$ cat final02.cif   # mmCIF, C-alpha atoms and all ligand atoms
data_run
loop_
_atom_site.label_atom_id
_atom_site.label_comp_id
_atom_site.auth_asym_id
_atom_site.auth_seq_id
_atom_site.Cartn_x
_atom_site.Cartn_y
_atom_site.Cartn_z
CA ALA X 1 24.81 -26.88 -7.91
CA GLY X 2 22.60 -29.98 -7.97
CA ARG X 3 23.96 -32.64 -10.27
CA ALA X 4 21.67 -33.31 -13.19
CA SER X 5 21.96 -37.07 -13.56
CA ALA X 6 18.44 -37.65 -14.83
CA SER X 7 19.07 -40.99 -16.50
CA ALA X 8 21.41 -42.48 -13.90
CA PRO X 9 20.05 -44.21 -10.81
CA SER X 10 20.64 -42.10 -7.72
CA ALA X 11 23.97 -42.62 -5.98
CA GLY X 12 25.24 -42.54 -2.43
CA THR X 13 22.56 -43.93 -0.13
CA ASP X 14 19.71 -46.40 0.08
CA ILE X 15 17.26 -43.50 -0.09
CA ARG X 16 15.12 -43.84 -3.25
CA ARG X 17 11.61 -42.69 -2.37
CA VAL X 18 11.39 -39.10 -1.22
CA GLY X 19 8.35 -37.15 -0.04
CA VAL X 20 8.22 -33.35 -0.05
CA VAL X 21 5.57 -31.59 2.03
CA GLY X 22 4.82 -28.15 0.56
CA ALA X 23 5.08 -27.08 -3.09
CA GLY X 24 6.08 -23.47 -2.49
CA LEU X 25 9.37 -21.88 -3.56
CA MET X 26 11.47 -24.23 -1.46
CA GLY X 27 9.35 -27.40 -1.71
CA SER X 28 9.18 -27.26 -5.50
CA GLY X 29 12.92 -26.58 -5.73
CA ILE X 30 13.69 -29.53 -3.44
CA ALA X 31 11.35 -31.81 -5.43
CA GLU X 32 13.10 -30.72 -8.64
CA VAL X 33 16.66 -31.44 -7.46
CA CYS X 34 15.57 -34.82 -6.04
CA ALA X 35 13.89 -35.78 -9.34
CA ARG X 36 16.95 -34.63 -11.29
CA ALA X 37 19.07 -36.89 -9.08
CA GLY X 38 16.99 -39.88 -10.19
CA LEU X 39 14.77 -40.26 -7.12
CA ASP X 40 11.09 -41.15 -6.98
CA VAL X 41 9.43 -37.96 -5.65
CA LEU X 42 5.99 -37.46 -4.17
CA MET X 43 5.05 -33.82 -3.46
CA CYS X 44 2.14 -32.94 -1.18
CA GLU X 45 0.12 -29.73 -0.86
CA THR X 46 -3.17 -28.75 0.72
CA GLY X 47 -5.05 -28.26 -2.57
CA PRO X 48 -4.84 -28.78 -6.34
CA GLU X 49 -4.09 -25.12 -7.10
CA ALA X 50 -1.04 -25.02 -4.87
CA LEU X 51 0.12 -28.31 -6.41
CA LYS X 52 -0.30 -26.93 -9.92
CA ALA X 53 1.63 -23.76 -8.99
CA GLY X 54 4.46 -25.95 -7.67
CA ARG X 55 4.52 -28.09 -10.77
CA ASP X 56 4.53 -24.98 -13.02
CA ARG X 57 7.47 -23.63 -11.04
CA ILE X 58 9.37 -26.88 -11.55
CA SER X 59 8.60 -26.88 -15.30
CA ALA X 60 9.79 -23.28 -15.65
CA SER X 61 12.98 -24.02 -13.76
CA LEU X 62 13.68 -27.14 -15.86
CA GLU X 63 13.13 -25.05 -19.03
CA ARG X 64 15.70 -22.64 -17.70
CA GLY X 65 18.10 -25.51 -17.14
CA LEU X 66 17.45 -26.70 -20.69
CA ARG X 67 18.14 -23.24 -22.12
CA SER X 68 21.44 -23.03 -20.25
CA ARG X 69 22.30 -26.59 -21.37
CA LYS X 70 22.42 -28.03 -17.86
CA LEU X 71 20.10 -30.83 -18.91
CA THR X 72 18.67 -32.32 -22.11
CA ALA X 73 15.00 -32.43 -23.17
CA ALA X 74 14.96 -36.15 -22.36
CA GLU X 75 16.36 -35.48 -18.88
CA ARG X 76 13.75 -32.75 -18.33
CA ASP X 77 10.95 -35.16 -19.27
CA ALA X 78 12.42 -37.92 -17.11
CA ALA X 79 12.69 -35.56 -14.12
CA LEU X 80 9.08 -34.38 -14.52
CA GLY X 81 7.98 -38.00 -14.88
CA ARG X 82 9.53 -38.85 -11.49
CA ILE X 83 7.42 -36.28 -9.61
CA ARG X 84 3.95 -37.32 -8.51
CA LEU X 85 1.56 -34.91 -6.81
CA THR X 86 -0.86 -35.58 -3.99
CA THR X 87 -3.06 -33.79 -1.49
CA GLU X 88 -3.01 -36.84 0.84
CA ILE X 89 -0.13 -37.02 3.30
CA ALA X 90 -1.20 -40.64 3.98
CA GLU X 91 0.41 -41.53 0.63
CA PHE X 92 3.81 -40.94 2.23
CA ALA X 93 3.63 -44.35 3.96
CA ASP X 94 6.41 -45.92 1.82
CA ARG X 95 8.83 -42.95 1.77
CA ASP X 96 12.50 -43.45 2.82
CA LEU X 97 12.91 -39.72 3.45
CA VAL X 98 10.36 -36.93 3.84
CA ILE X 99 11.43 -33.30 3.64
CA GLU X 100 8.98 -30.82 5.12
CA ALA X 101 9.01 -27.39 3.44
CA VAL X 102 5.78 -25.73 4.60
CA ALA X 103 5.46 -22.15 5.89
CA GLU X 104 7.97 -21.02 8.52
CA ASP X 105 5.47 -21.45 11.37
CA GLU X 106 6.20 -23.65 14.36
CA GLN X 107 2.61 -24.78 14.85
CA ILE X 108 2.10 -25.75 11.20
CA LYS X 109 5.42 -27.62 11.12
CA THR X 110 4.62 -29.43 14.36
CA GLU X 111 1.26 -30.57 12.96
CA VAL X 112 2.94 -31.86 9.78
CA PHE X 113 5.45 -33.88 11.82
CA ALA X 114 2.75 -35.38 14.02
CA ALA X 115 0.89 -36.43 10.84
CA LEU X 116 4.07 -37.83 9.23
CA ASP X 117 4.83 -39.83 12.38
CA ASN X 118 1.44 -41.50 12.03
CA VAL X 119 1.66 -42.34 8.33
CA VAL X 120 5.32 -43.10 7.45
CA THR X 121 5.72 -46.83 8.02
CA ARG X 122 9.38 -47.55 7.21
CA ALA X 123 11.25 -48.20 10.45
CA ASP X 124 14.38 -46.29 9.35
CA ALA X 125 12.67 -43.44 7.47
CA ILE X 126 14.20 -40.01 7.97
CA LEU X 127 11.84 -37.11 8.69
CA ALA X 128 13.60 -33.86 7.76
CA THR X 129 12.64 -30.22 8.07
CA ASN X 130 13.78 -27.49 5.70
CA THR X 131 13.21 -24.90 8.42
CA SER X 132 15.43 -21.83 8.11
CA SER X 133 15.28 -20.86 11.74
CA ILE X 134 12.93 -22.88 13.93
CA PRO X 135 14.92 -25.22 16.19
CA VAL X 136 14.71 -28.80 14.87
CA THR X 137 13.89 -30.12 18.35
CA LYS X 138 10.42 -28.51 18.14
CA PRO X 139 9.03 -30.61 15.24
CA ALA X 140 11.11 -33.62 16.42
CA MET X 141 9.23 -33.68 19.73
CA ALA X 142 5.92 -33.93 17.87
CA THR X 143 7.00 -37.44 16.77
CA ARG X 144 7.71 -40.72 18.55
CA ARG X 145 11.01 -40.99 16.68
CA PRO X 146 13.07 -37.83 17.36
CA GLN X 147 16.25 -39.85 16.68
CA GLN X 148 15.14 -39.93 13.01
CA VAL X 149 14.34 -36.21 12.71
CA ILE X 150 16.95 -33.79 11.35
CA GLY X 151 17.20 -30.37 9.69
CA ILE X 152 18.13 -30.42 5.99
CA HIS X 153 18.09 -26.75 5.02
CA PHE X 154 18.34 -25.76 1.33
CA PHE X 155 18.92 -22.31 -0.18
CA ASN X 156 16.92 -20.39 -2.75
CA PRO X 157 16.94 -20.95 -5.73
CA VAL X 158 17.41 -24.61 -4.75
CA PRO X 159 18.53 -25.85 -8.20
CA VAL X 160 21.28 -23.18 -8.27
CA MET X 161 22.62 -22.84 -4.73
CA PRO X 162 25.15 -25.54 -3.79
CA LEU X 163 24.76 -25.26 -0.01
CA VAL X 164 22.72 -27.36 2.41
CA GLU X 165 22.85 -26.99 6.20
CA ILE X 166 22.57 -30.25 8.15
CA VAL X 167 21.16 -29.65 11.62
CA PRO X 168 20.87 -32.55 14.06
CA SER X 169 18.96 -31.94 17.30
CA LEU X 170 20.27 -33.20 20.64
CA LEU X 171 18.21 -36.36 20.03
CA THR X 172 19.13 -37.07 16.36
CA GLY X 173 20.85 -40.44 15.91
CA ASP X 174 24.32 -40.73 14.33
CA ARG X 175 22.93 -43.04 11.63
CA THR X 176 20.27 -40.49 10.66
CA ARG X 177 22.90 -37.79 10.47
CA GLY X 178 25.26 -39.93 8.37
CA ARG X 179 22.52 -40.96 5.93
CA ALA X 180 21.25 -37.37 5.60
CA GLU X 181 24.77 -36.13 4.86
CA ALA X 182 25.42 -38.85 2.29
CA PHE X 183 22.08 -38.08 0.65
CA VAL X 184 22.86 -34.37 0.33
CA THR X 185 26.43 -34.78 -0.91
CA ALA X 186 26.57 -38.05 -2.86
CA THR X 187 22.99 -38.24 -4.15
CA LEU X 188 22.19 -34.56 -4.71
CA GLY X 189 25.78 -33.38 -5.32
CA LYS X 190 25.41 -30.43 -2.92
CA HIS X 191 27.86 -29.12 -0.31
CA ALA X 192 26.85 -29.82 3.29
CA ILE X 193 27.82 -27.80 6.33
CA GLY X 194 26.87 -28.69 9.88
CA ALA X 195 25.29 -26.46 12.50
CA GLN X 196 23.98 -26.92 16.01
CA ASP X 197 20.29 -26.68 16.71
CA ARG X 198 19.83 -23.01 17.53
CA ALA X 199 17.66 -20.54 15.63
CA GLY X 200 19.19 -19.37 12.35
CA PHE X 201 21.90 -22.06 12.10
CA VAL X 202 24.99 -20.66 10.31
CA VAL X 203 23.74 -18.75 7.29
CA ASN X 204 20.62 -17.00 8.57
CA SER X 205 22.37 -16.02 11.82
CA LEU X 206 24.74 -13.98 9.65
CA LEU X 207 22.42 -13.04 6.78
CA VAL X 208 19.19 -11.93 8.46
CA PRO X 209 20.64 -9.19 10.74
CA TYR X 210 22.29 -7.80 7.59
CA LEU X 211 19.00 -7.84 5.64
CA LEU X 212 17.17 -6.19 8.56
CA SER X 213 19.88 -3.50 8.74
CA ALA X 214 19.28 -2.71 5.07
CA VAL X 215 15.52 -2.38 5.73
CA ARG X 216 16.22 -0.01 8.65
CA MET X 217 18.52 2.04 6.44
CA LEU X 218 15.75 2.41 3.85
CA GLU X 219 13.10 3.06 6.52
CA SER X 220 15.08 5.92 8.05
CA GLY X 221 15.54 7.61 4.67
CA TYR X 222 19.28 7.17 4.95
CA ALA X 223 19.64 5.88 1.36
CA THR X 224 17.42 4.70 -1.49
CA ALA X 225 16.71 1.01 -2.19
CA GLU X 226 18.67 1.30 -5.44
CA ASP X 227 21.71 2.79 -3.71
CA ILE X 228 21.66 0.30 -0.83
CA ASP X 229 21.55 -2.63 -3.26
CA ASN X 230 24.12 -1.17 -5.64
CA GLY X 231 26.39 -0.52 -2.66
CA MET X 232 26.66 -4.23 -1.90
CA VAL X 233 26.63 -5.45 -5.53
CA LEU X 234 29.20 -3.02 -6.86
CA GLY X 235 31.15 -2.46 -3.65
CA CYS X 236 31.30 -5.99 -2.27
CA ALA X 237 30.62 -8.19 -5.34
CA HIS X 238 27.46 -9.74 -3.89
CA PRO X 239 25.29 -11.27 -6.66
CA MET X 240 22.33 -9.17 -5.46
CA GLY X 241 21.83 -6.42 -2.91
CA PRO X 242 20.12 -7.05 0.46
CA LEU X 243 16.70 -5.62 -0.46
CA ARG X 244 16.54 -7.55 -3.73
CA LEU X 245 17.65 -10.68 -1.85
CA ALA X 246 14.93 -10.11 0.79
CA ASP X 247 12.44 -9.90 -2.11
CA LEU X 248 13.79 -13.21 -3.48
CA ILE X 249 13.51 -14.99 -0.11
CA GLY X 250 10.01 -13.53 0.47
CA LEU X 251 9.37 -10.81 3.05
CA ASP X 252 6.99 -13.06 5.01
CA THR X 253 9.81 -15.60 5.35
CA VAL X 254 12.35 -12.91 6.31
CA LYS X 255 9.93 -11.72 9.01
CA ALA X 256 9.36 -15.29 10.23
CA ILE X 257 13.11 -15.92 10.50
CA ALA X 258 13.61 -12.60 12.31
CA ASP X 259 10.84 -13.56 14.76
CA SER X 260 12.50 -16.93 15.49
CA LEU X 261 15.89 -15.29 16.01
CA TYR X 262 14.39 -12.63 18.25
CA GLU X 263 12.51 -15.20 20.28
CA GLU X 264 15.70 -17.24 20.77
CA PHE X 265 18.24 -14.48 21.49
CA LYS X 266 16.22 -11.33 22.41
CA GLU X 267 18.72 -9.18 20.48
CA PRO X 268 17.37 -5.84 19.14
CA LEU X 269 19.19 -6.45 15.86
CA HIS X 270 16.90 -9.44 15.23
CA ALA X 271 13.65 -7.50 15.77
CA PRO X 272 11.79 -7.04 12.47
CA PRO X 273 11.61 -3.30 11.65
CA PRO X 274 8.12 -1.71 11.28
CA LEU X 275 8.55 -1.20 7.50
CA LEU X 276 9.05 -4.96 7.04
CA LEU X 277 5.98 -5.69 9.19
CA ARG X 278 3.81 -3.23 7.24
CA MET X 279 4.92 -4.66 3.90
CA VAL X 280 4.00 -8.16 5.05
CA ASP X 281 0.63 -6.82 6.36
CA ALA X 282 0.07 -5.23 2.94
CA GLY X 283 0.84 -8.44 1.04
CA LEU X 284 3.94 -6.89 -0.55
CA LEU X 285 5.99 -10.06 -0.16
CA GLY X 286 8.62 -9.57 -2.86
CA ARG X 287 9.17 -11.49 -6.05
CA LYS X 288 6.43 -14.04 -5.43
CA THR X 289 3.69 -11.37 -5.28
CA GLY X 290 5.25 -9.03 -7.88
CA ARG X 291 6.16 -6.23 -5.48
CA GLY X 292 8.43 -5.86 -2.48
CA PHE X 293 11.28 -3.39 -2.07
CA HIS X 294 11.51 -3.56 -5.85
CA ASP X 295 8.91 -4.00 -8.59
CA HIS X 296 8.97 -7.54 -10.08
CA SER X 297 5.83 -7.37 -12.23
N1 LIG G 301 15.77 -22.09 -11.18
C1 LIG G 301 16.70 -22.68 -11.92
N2 LIG G 301 17.81 -22.06 -12.39
C2 LIG G 301 17.94 -20.78 -12.09
C3 LIG G 301 17.01 -20.08 -11.29
C4 LIG G 301 15.88 -20.80 -10.83
N3 LIG G 301 14.94 -20.23 -10.07
N4 LIG G 301 17.44 -18.80 -11.15
C5 LIG G 301 18.59 -18.71 -11.82
N5 LIG G 301 18.90 -19.89 -12.39
C6 LIG G 301 20.12 -20.20 -13.15
C7 LIG G 301 20.05 -19.64 -14.52
O1 LIG G 301 19.56 -20.62 -15.44
C8 LIG G 301 21.50 -19.30 -14.81
O2 LIG G 301 22.18 -20.45 -15.26
P1 LIG G 301 23.42 -20.31 -16.28
O3 LIG G 301 24.39 -19.36 -15.65
O4 LIG G 301 23.95 -21.70 -16.40
O5 LIG G 301 22.81 -19.78 -17.54
C9 LIG G 301 22.09 -18.96 -13.45
O6 LIG G 301 21.21 -19.54 -12.48
C10 LIG G 301 22.18 -17.47 -13.25
O7 LIG G 301 20.91 -16.92 -13.45
P2 LIG G 301 20.61 -15.56 -14.20
O8 LIG G 301 21.70 -15.28 -15.21
O9 LIG G 301 19.21 -15.54 -14.65
O10 LIG G 301 20.62 -14.48 -13.08
P3 LIG G 301 21.77 -14.05 -12.13
O11 LIG G 301 23.12 -14.25 -12.68
O12 LIG G 301 21.33 -12.71 -11.66
O13 LIG G 301 21.63 -15.06 -10.91
C11 LIG G 301 20.79 -15.78 -8.84
C12 LIG G 301 20.44 -15.23 -10.21
C13 LIG G 301 21.36 -17.19 -8.97
C14 LIG G 301 19.51 -15.83 -8.05
C15 LIG G 301 21.87 -14.83 -8.20
O14 LIG G 301 21.42 -13.51 -8.25
C16 LIG G 301 22.19 -15.17 -6.77
O15 LIG G 301 22.97 -16.05 -6.50
N6 LIG G 301 21.58 -14.43 -5.81
C17 LIG G 301 21.76 -14.67 -4.41
C18 LIG G 301 20.90 -15.82 -3.98
C19 LIG G 301 21.05 -16.11 -2.52
O16 LIG G 301 21.78 -15.47 -1.77
N7 LIG G 301 20.29 -17.11 -2.08
C20 LIG G 301 20.25 -17.48 -0.70
C21 LIG G 301 19.03 -16.87 -0.09
S1 LIG G 301 18.94 -17.24 1.62
C22 LIG G 301 18.09 -18.68 1.67
O17 LIG G 301 17.60 -19.20 0.72
C23 LIG G 301 18.01 -19.32 3.00
C24 LIG G 301 16.93 -18.93 3.86
O18 LIG G 301 16.63 -19.69 4.74
C25 LIG G 301 16.26 -17.65 3.77
#
$ encode --input "final02.cif" --output "structure tokens"
Amino acid sequence: AGRASASAPSAGTDIRRVGVVGAGLMGSGIAEVCARAGLDVLMCETGPEALKAGRDRISASLERGLRSRKLTAAERDAALGRIRLTTEIAEFADRDLVIEAVAEDEQIKTEVFAALDNVVTRADAILATNTSSIPVTKPAMATRRPQQVIGIHFFNPVPVMPLVEIVPSLLTGDRTRGRAEAFVTATLGKHAIGAQDRAGFVVNSLLVPYLLSAVRMLESGYATAEDIDNGMVLGCAHPMGPLRLADLIGLDTVKAIADSLYEEFKEPLHAPPPLLLRMVDAGLLGRKTGRGFHDHS
């Protein structure tokens, strides 16, 4: 998991000033691990409420870390003190690295990258996307510096999961790739794996068809949600079953990843099943809204 070196200066690269676009589940987790690694973090959202929700999420997660003795009260305070909030993307001018973690929507991501390209002034700044499934080339082409755009894909919950996927596009420069890898491993203390720039990368290409199969099993009345999840927890030693995991990821995000995979490969196993679509229509998005395949209220 992310190394909690709150008092030590960050190690590994020349990257010190990080910007995070989006303060949702992933953005707030990324901001937290960067702050815990000693970096200066600026987190941007569209409005003050979303920023406050992100900051509350970070505080709650740091409290959890404190309770399980992964960090001290002083380290918690230092980490919180390193995170500044803004609604103005123009404030990202001096950032060495920006990680975009907005909704899994190609148009929104493309707009964010076009804006970042206009405001980030450092000549060697890295512009990264935390996309789970949209090819990195798409946001890269919205900039005038695709050689400096790369996928840096974290896993949820970010402070707990050790993995990061590094996804260069066909245009990403070797230096960008090397610095991104050093940042993830030496600075954040995470494990990096590489993947080529095709929808889903390594993990979601394997995981999402499995999650969708579990939804289809439930939809057809083949087994209950409880039994499907217990099957994989007790039969295969997974930490959580597929429906509970879909609730953790967020059903809107699962649908968005399925859509990207389907668009790329046209495989029926990637098509989101009607039950998933209806749950997203109904706002039953999983843990973040209190109800998904399970009740989280
Ligand atoms: N923030 C910080 N710490 C957290 C946390 C959070 N949100 N959630 C859990 N933790 C910590 C706890 O403090 C606890 O630490 P200690 O063991 O040191 O006390 C540890 O994680 C375990 O937590 P719990 O005991 O509360 O609960 P658990 O044992 O059931 O574990 C879990 C919870 C870590 C989420 C575990 O169930 C798990 O690993 N689930 C699978 C998660 C997974 O597969 N994630 C990948 C999703 S796919 C993705 O993200 C990519 C994508 O693009 C969709």
$ atom_distance --input "final02.cif" --atom1 "atom P3 of ligand LIG 301 (chain G)" --atom2 "CA of Gly65 (chain X)"
13.0 Å
$ closest_atom_pairs --input "final02.cif" --of "chain X" --to "ligand LIG 301 (chain G)" --cutoff "7 Å" --atoms "all atoms listed in the file" --output "tab-separated table"
residue	atom	partner	partner_atom	distance
X:Ser61	CA	G:LIG301	N1	4.3
X:Leu62	CA	G:LIG301	C1	6.7
X:Arg64	CA	G:LIG301	O1	4.9
X:Gly65	CA	G:LIG301	O1	5.4
X:Ser68	CA	G:LIG301	O5	4.4
X:Lys70	CA	G:LIG301	O4	6.7
X:Ser132	CA	G:LIG301	O18	4.2
X:Phe154	CA	G:LIG301	O17	6.6
X:Phe155	CA	G:LIG301	O17	3.5
X:Asn156	CA	G:LIG301	O17	3.7
X:Pro157	CA	G:LIG301	N3	4.8
X:Pro159	CA	G:LIG301	C1	5.2
X:Val160	CA	G:LIG301	N2	5.5
X:Met161	CA	G:LIG301	N7	6.7
X:Asn204	CA	G:LIG301	O18	6.2
X:Pro239	CA	G:LIG301	O14	4.7
X:Met240	CA	G:LIG301	O14	5.2
X:Leu245	CA	G:LIG301	C17	6.3
X:Ile249	CA	G:LIG301	C25	5.4
X:Thr253	CA	G:LIG301	C25	6.9
X:Val254	CA	G:LIG301	C25	6.6
$ residues_around --input "final02.cif" --residues "Asp252 (chain X)" --least-positions-apart "4" --cutoff "8 Å" --atoms "only C-alpha atoms" --output "PDB file with C-alpha atoms, keeping the file's coordinate frame"
ATOM      1  CA  ALA X 256       9.360 -15.290  10.230  1.00  0.00           C
ATOM      2  CA  VAL X 280       4.000  -8.160   5.050  1.00  0.00           C
ATOM      3  CA  LEU X 285       5.990 -10.060  -0.160  1.00  0.00           C
TER       4      LEU X 285
END
$ residues_around --input "final02.cif" --residues "Asp259 (chain X)" --least-positions-apart "6" --cutoff "12 Å" --atoms "only C-alpha atoms" --output "PyMOL selection string"
chain X and resi 104-106+132-134+199-200+208-209+212+252-253+265-273+276-277
$ atom_distance --input "final02.cif" --atom1 "CA of Asp227 (chain X)" --atom2 "CA of Ser213 (chain X)"
14.1 Å
$ closest_residue --input "final02.cif" --among "X:Leu163, X:Leu80, X:Cys236, X:Ala125" --to "His191 (chain X)" --atoms "all atoms listed in the file"
X:Leu163
$ residues_near_point --input "final02.cif" --point "(8.4, -45.7, 0.6)" --cutoff "12 Å" --atoms "all atoms listed in the file" --output "list in words"
Asp14, Ile15, Arg16, Arg17, Val18, Gly19, Leu39, Asp40, Val41, Leu42, Ala90, Glu91, Phe92, Ala93, Asp94, Arg95, Asp96, Leu97, Val98, Val119, Val120, Thr121, Arg122, Ala123, Asp124, Ala125 and Ile126 of chain X
$ residues_around --input "final02.cif" --residues "Glu111 (chain X)" --least-positions-apart "3" --cutoff "12 Å" --atoms "only C-alpha atoms" --output "PDB file with C-alpha atoms, in the frame of the given file"
ATOM      1  CA  VAL X  21       5.570 -31.590   2.030  1.00  0.00           C
ATOM      2  CA  ILE X  89      -0.130 -37.020   3.300  1.00  0.00           C
ATOM      3  CA  GLU X 100       8.980 -30.820   5.120  1.00  0.00           C
ATOM      4  CA  VAL X 102       5.780 -25.730   4.600  1.00  0.00           C
ATOM      5  CA  ALA X 103       5.460 -22.150   5.890  1.00  0.00           C
ATOM      6  CA  ASP X 105       5.470 -21.450  11.370  1.00  0.00           C
ATOM      7  CA  GLU X 106       6.200 -23.650  14.360  1.00  0.00           C
ATOM      8  CA  GLN X 107       2.610 -24.780  14.850  1.00  0.00           C
ATOM      9  CA  ILE X 108       2.100 -25.750  11.200  1.00  0.00           C
ATOM     10  CA  ALA X 114       2.750 -35.380  14.020  1.00  0.00           C
ATOM     11  CA  ALA X 115       0.890 -36.430  10.840  1.00  0.00           C
ATOM     12  CA  LEU X 116       4.070 -37.830   9.230  1.00  0.00           C
ATOM     13  CA  ASP X 117       4.830 -39.830  12.380  1.00  0.00           C
ATOM     14  CA  ASN X 118       1.440 -41.500  12.030  1.00  0.00           C
ATOM     15  CA  LYS X 138      10.420 -28.510  18.140  1.00  0.00           C
ATOM     16  CA  PRO X 139       9.030 -30.610  15.240  1.00  0.00           C
ATOM     17  CA  ALA X 140      11.110 -33.620  16.420  1.00  0.00           C
ATOM     18  CA  MET X 141       9.230 -33.680  19.730  1.00  0.00           C
ATOM     19  CA  ALA X 142       5.920 -33.930  17.870  1.00  0.00           C
ATOM     20  CA  THR X 143       7.000 -37.440  16.770  1.00  0.00           C
TER      21      THR X 143
END
$ closest_residue --input "final02.cif" --among "X:Leu275, X:Met43, X:Leu284, X:Ile152" --to "Pro135 (chain X)" --atoms "all atoms listed in the file"
X:Ile152
$ closest_residue --input "final02.cif" --among "X:Leu170, X:Ile99, X:Leu206, X:Val184" --to "Pro146 (chain X)" --atoms "all atoms listed in the file"
X:Leu170
$ residues_near_point --input "final02.cif" --point "(26.1, -35.7, 6.7)" --cutoff "10 Å" --atoms "only C-alpha atoms" --output "compact mmCIF listing (two decimals) with C-alpha atoms, keeping the file's coordinate frame"
# COMPACT_ATOMS: atom_id res chain seq x y z
CA ILE X 152 18.13 -30.42 5.99
CA VAL X 164 22.72 -27.36 2.41
CA GLU X 165 22.85 -26.99 6.20
CA ILE X 166 22.57 -30.25 8.15
CA VAL X 167 21.16 -29.65 11.62
CA PRO X 168 20.87 -32.55 14.06
CA ASP X 174 24.32 -40.73 14.33
CA ARG X 175 22.93 -43.04 11.63
CA THR X 176 20.27 -40.49 10.66
CA ARG X 177 22.90 -37.79 10.47
CA GLY X 178 25.26 -39.93 8.37
CA ARG X 179 22.52 -40.96 5.93
CA ALA X 180 21.25 -37.37 5.60
CA GLU X 181 24.77 -36.13 4.86
CA ALA X 182 25.42 -38.85 2.29
CA PHE X 183 22.08 -38.08 0.65
CA VAL X 184 22.86 -34.37 0.33
CA THR X 185 26.43 -34.78 -0.91
CA ALA X 186 26.57 -38.05 -2.86
CA HIS X 191 27.86 -29.12 -0.31
CA ALA X 192 26.85 -29.82 3.29
CA ILE X 193 27.82 -27.80 6.33
CA GLY X 194 26.87 -28.69 9.88
$ residues_around --input "final02.cif" --residues "Met217 (chain X)" --least-positions-apart "3" --cutoff "12 Å" --atoms "all atoms listed in the file" --output "count of residues only"
20
$ atom_distance --input "final02.cif" --atom1 "CA of Ala37 (chain X)" --atom2 "CA of Gln147 (chain X)"
26.1 Å
$ closest_residue --input "final02.cif" --among "X:Glu263, X:Glu63, X:Glu88, X:Asp281" --to "Thr46 (chain X)" --atoms "all atoms listed in the file"
X:Glu88
$ axis_aligned_box --input "final02.cif" --around "region 238-251 of chain X" --padding-each-side "4 Å" --output "lines of an AutoDock Vina configuration file"
center_x = 18.4
center_y = -10.3
center_z = -1.8
size_x = 26.1
size_y = 17.4
size_z = 17.7
$ residues_around --input "final02.cif" --residues "Ile83 (chain X)" --least-positions-apart "4" --cutoff "12 Å" --atoms "only C-alpha atoms" --output "PyMOL selection string"
chain X and resi 17-20+23+28-44+51+54-55+58-59+76-79
$ closest_residue --input "final02.cif" --among "X:Ser205, X:Thr289, X:Ser297, X:Thr129" --to "Ala258 (chain X)" --atoms "only C-alpha atoms"
X:Ser205
$ decode --input "final02.cif" --residues "region 207-234 of chain X" --atoms "C-alpha atoms" --output "PDB file, in the first residue's frame"
ATOM      1  CA  LEU X 207     -12.358  -7.903 -14.066  1.00  0.00           C
ATOM      2  CA  VAL X 208     -15.262  -6.218 -15.850  1.00  0.00           C
ATOM      3  CA  PRO X 209     -16.494  -9.222 -17.912  1.00  0.00           C
ATOM      4  CA  TYR X 210     -16.512 -11.150 -14.613  1.00  0.00           C
ATOM      5  CA  LEU X 211     -18.542  -8.439 -12.831  1.00  0.00           C
ATOM      6  CA  LEU X 212     -20.995  -8.265 -15.753  1.00  0.00           C
ATOM      7  CA  SER X 213     -21.377 -12.073 -15.665  1.00  0.00           C
ATOM      8  CA  ALA X 214     -22.337 -11.837 -11.994  1.00  0.00           C
ATOM      9  CA  VAL X 215     -24.970  -9.182 -12.826  1.00  0.00           C
ATOM     10  CA  ARG X 216     -26.391 -11.427 -15.580  1.00  0.00           C
ATOM     11  CA  MET X 217     -26.519 -14.336 -13.149  1.00  0.00           C
ATOM     12  CA  LEU X 218     -28.527 -12.238 -10.691  1.00  0.00           C
ATOM     13  CA  GLU X 219     -30.721 -10.786 -13.459  1.00  0.00           C
ATOM     14  CA  SER X 220     -31.709 -14.226 -14.741  1.00  0.00           C
ATOM     15  CA  GLY X 221     -32.706 -15.407 -11.254  1.00  0.00           C
ATOM     16  CA  TYR X 222     -30.004 -18.046 -11.371  1.00  0.00           C
ATOM     17  CA  ALA X 223     -28.753 -17.256  -7.839  1.00  0.00           C
ATOM     18  CA  THR X 224     -29.216 -14.590  -5.160  1.00  0.00           C
ATOM     19  CA  ALA X 225     -26.799 -11.667  -4.689  1.00  0.00           C
ATOM     20  CA  GLU X 226     -25.759 -13.139  -1.330  1.00  0.00           C
ATOM     21  CA  ASP X 227     -25.011 -16.548  -2.831  1.00  0.00           C
ATOM     22  CA  ILE X 228     -23.135 -15.154  -5.830  1.00  0.00           C
ATOM     23  CA  ASP X 229     -20.904 -13.052  -3.564  1.00  0.00           C
ATOM     24  CA  ASN X 230     -20.402 -15.793  -0.984  1.00  0.00           C
ATOM     25  CA  GLY X 231     -19.496 -18.164  -3.807  1.00  0.00           C
ATOM     26  CA  MET X 232     -16.449 -16.102  -4.737  1.00  0.00           C
ATOM     27  CA  VAL X 233     -15.495 -15.053  -1.189  1.00  0.00           C
ATOM     28  CA  LEU X 234     -15.755 -18.473   0.400  1.00  0.00           C
TER      29      LEU X 234
END
